>>> print(open('final.txt').read())   # compact mmCIF, C-alpha atoms
# COMPACT_ATOMS: atom_id res chain seq x y z
CA MET R 1 -28.42 4.02 -24.46
CA SER R 2 -25.92 5.08 -21.80
CA ASP R 3 -22.64 6.80 -22.67
CA GLU R 4 -20.95 5.11 -19.73
CA LYS R 5 -18.49 2.38 -20.56
CA THR R 6 -18.23 -0.74 -18.49
CA SER R 7 -14.74 -2.01 -17.86
CA LYS R 8 -14.12 -5.57 -18.94
CA GLU R 9 -10.93 -5.86 -16.88
CA ASN R 10 -10.68 -8.24 -13.95
CA ALA R 11 -10.02 -6.91 -10.51
CA THR R 12 -6.91 -8.03 -8.72
CA ILE R 13 -7.24 -8.57 -5.00
CA THR R 14 -3.99 -7.67 -3.32
CA ARG R 15 -5.06 -7.66 0.30
CA ILE R 16 -8.06 -8.47 2.50
CA GLU R 17 -8.70 -6.25 5.48
CA THR R 18 -9.92 -8.10 8.55
CA ALA R 19 -12.59 -6.79 10.91
CA ALA R 20 -9.91 -6.41 13.57
CA GLU R 21 -7.85 -4.18 11.28
CA ARG R 22 -10.88 -2.16 10.23
CA THR R 23 -11.93 -1.51 13.83
CA GLY R 24 -8.42 -0.83 15.09
CA THR R 25 -8.33 -3.82 17.42
CA ALA R 26 -5.64 -5.80 15.60
CA ASP R 27 -2.96 -4.84 18.11
CA ILE R 28 -4.68 -6.59 21.04
CA GLY R 29 -3.68 -10.06 19.86
CA GLU R 30 -5.80 -13.15 19.60
CA LEU R 31 -8.83 -11.43 21.13
CA ALA R 32 -8.96 -8.94 18.26
CA ALA R 33 -11.61 -10.91 16.38
CA LEU R 34 -14.01 -11.34 19.31
CA ALA R 35 -15.35 -7.79 19.66
CA PRO R 36 -15.99 -7.30 15.92
CA ALA R 37 -17.66 -10.73 15.80
CA ALA R 38 -19.96 -9.84 18.71
CA ALA R 39 -20.81 -6.53 17.08
CA ALA R 40 -21.49 -8.25 13.76
CA ALA R 41 -23.88 -10.71 15.42
CA LEU R 42 -25.84 -7.90 17.06
CA ASN R 43 -25.89 -5.94 13.79
CA LEU R 44 -27.37 -8.99 12.03
CA LEU R 45 -30.19 -9.03 14.59
CA ALA R 46 -30.78 -5.30 14.09
CA ASP R 47 -30.83 -5.77 10.33
CA ALA R 48 -33.32 -8.63 10.62
CA ILE R 49 -35.64 -6.40 12.65
CA ARG R 50 -35.30 -3.50 10.18
CA ARG R 51 -36.10 -5.74 7.22
CA GLY R 52 -39.14 -7.20 8.98
CA ARG R 53 -37.67 -10.70 9.12
CA ALA R 54 -37.61 -10.85 12.90
CA ASP R 55 -40.08 -9.75 15.53
CA ARG R 56 -38.49 -7.02 17.66
CA ASP R 57 -40.08 -8.28 20.86
CA ALA R 58 -38.84 -11.81 20.19
CA VAL R 59 -35.30 -10.55 19.57
CA VAL R 60 -35.29 -8.47 22.76
CA GLU R 61 -36.60 -11.42 24.78
CA ALA R 62 -33.99 -13.71 23.21
CA LEU R 63 -31.24 -11.24 24.14
CA LYS R 64 -32.58 -11.09 27.69
CA MET R 65 -32.81 -14.88 27.97
CA ALA R 66 -29.27 -15.23 26.62
CA ARG R 67 -28.21 -12.75 29.31
CA VAL R 68 -26.40 -10.53 26.81
CA ASP R 69 -26.63 -7.71 29.33
CA GLU R 70 -24.72 -9.69 31.95
CA ALA R 71 -22.07 -10.73 29.43
CA PHE R 72 -21.54 -7.14 28.28
CA ALA R 73 -21.58 -5.84 31.84
CA ALA R 74 -19.05 -8.52 32.86
CA VAL R 75 -16.65 -7.24 30.20
CA LEU R 76 -16.98 -3.69 31.54
CA ASP R 77 -16.59 -4.86 35.14
CA ALA R 78 -13.47 -6.84 34.21
CA ALA R 79 -12.04 -3.79 32.46
CA ALA R 80 -12.71 -1.68 35.57
CA GLN R 81 -10.95 -4.23 37.74
CA ALA R 82 -8.01 -4.38 35.32
CA VAL R 83 -7.62 -0.59 35.53
CA MET R 84 -7.44 -0.74 39.31
CA ASP R 85 -5.11 -3.76 39.29
CA ALA R 86 -2.71 -1.90 37.01
CA ALA R 87 -2.84 1.31 39.05
CA GLU R 88 0.30 2.07 40.98
CA ASP R 89 -1.65 4.18 43.45
CA PRO R 90 -5.17 2.93 44.27
CA TYR R 91 -6.13 6.50 45.17
CA ASP R 92 -4.98 8.03 41.86
CA PHE R 93 -7.87 10.19 40.63
CA ASP R 94 -7.49 9.38 36.92
CA ASP R 95 -7.34 5.63 37.47
CA ARG R 96 -10.28 5.66 39.85
CA LEU R 97 -12.29 7.82 37.44
CA ALA R 98 -11.66 5.40 34.57
CA ALA R 99 -12.57 2.40 36.73
CA ASP R 100 -15.68 4.13 38.11
CA ASN R 101 -16.84 5.06 34.61
CA LEU R 102 -16.44 1.46 33.43
CA GLY R 103 -18.27 0.15 36.48
CA GLY R 104 -21.02 2.73 35.99
CA ALA R 105 -21.41 1.72 32.37
CA ALA R 106 -21.77 -1.92 33.47
CA SER R 107 -24.54 -0.89 35.88
CA ASP R 108 -26.25 1.12 33.14
CA VAL R 109 -26.27 -1.89 30.81
CA ARG R 110 -27.87 -4.04 33.50
CA ARG R 111 -30.42 -1.31 34.27
CA ILE R 112 -31.34 -0.85 30.60
CA PHE R 113 -32.11 -4.54 30.19
CA HIS R 114 -34.07 -4.52 33.44
CA TRP R 115 -36.47 -1.91 32.02
CA LEU R 116 -36.93 -3.55 28.60
>>> encode(input="final.txt", output="structure tokens")
Amino acid sequence: MSDEKTSKENATITRIETAAERTGTADIGELAALAPAAAAALNLLADAIRRGRADRDAVVEALKMARVDEAFAAVLDAAAQAVMDAAEDPYDFDDRLAADNLGGAASDVRRIFHWL
């Protein structure tokens, strides 16, 4: 018999933390729930593969058919454009570097899916 005692008290819930708060995206407004929701959906697919409930090839093909790569790349491209639109000087090194990195990441996402 175990010496541990189990509490018979009820828990009181005082607050529920949202995914947006947990990921630090709460301050971006109404869009705060979209990124955590997208990540959660992809994590569910990964979990299904790990548990053997989904065929990995079928999941990859479904992601390709849904054009997830283009959707993700479009977000990165839009962010790159937003950086340049907000730049006071279009030749500012820091702004151009940030925009180029975002654009490069978009290209990498497309390239990764191309080789899958």
>>> atom_distance(input="final.txt", atom1="CA of Glu61 in chain R", atom2="CA of Ala105 in chain R")
21.5 Å
>>> closest_residue(input="final.txt", among="R:Val109, R:Leu45, R:Met84, R:Ala39", to="Ala71 in chain R", atoms="only C-alpha atoms")
R:Val109
>>> closest_residue(input="final.txt", among="R:Asp47, R:Ala33, R:Tyr91, R:His114", to="Arg67 in chain R", atoms="all atoms listed in the file")
R:His114
>>> atom_distance(input="final.txt", atom1="CA of Gln81 in chain R", atom2="CA of Leu63 in chain R")
25.4 Å
>>> atom_distance(input="final.txt", atom1="CA of Leu102 in chain R", atom2="CA of Ala79 in chain R")
6.9 Å
>>> residues_near_point(input="final.txt", point="(-31.2, -6.5, 32.1)", cutoff="9 Å", atoms="only C-alpha atoms", output="ChimeraX atom specification")
/R:64,67-70,109-116
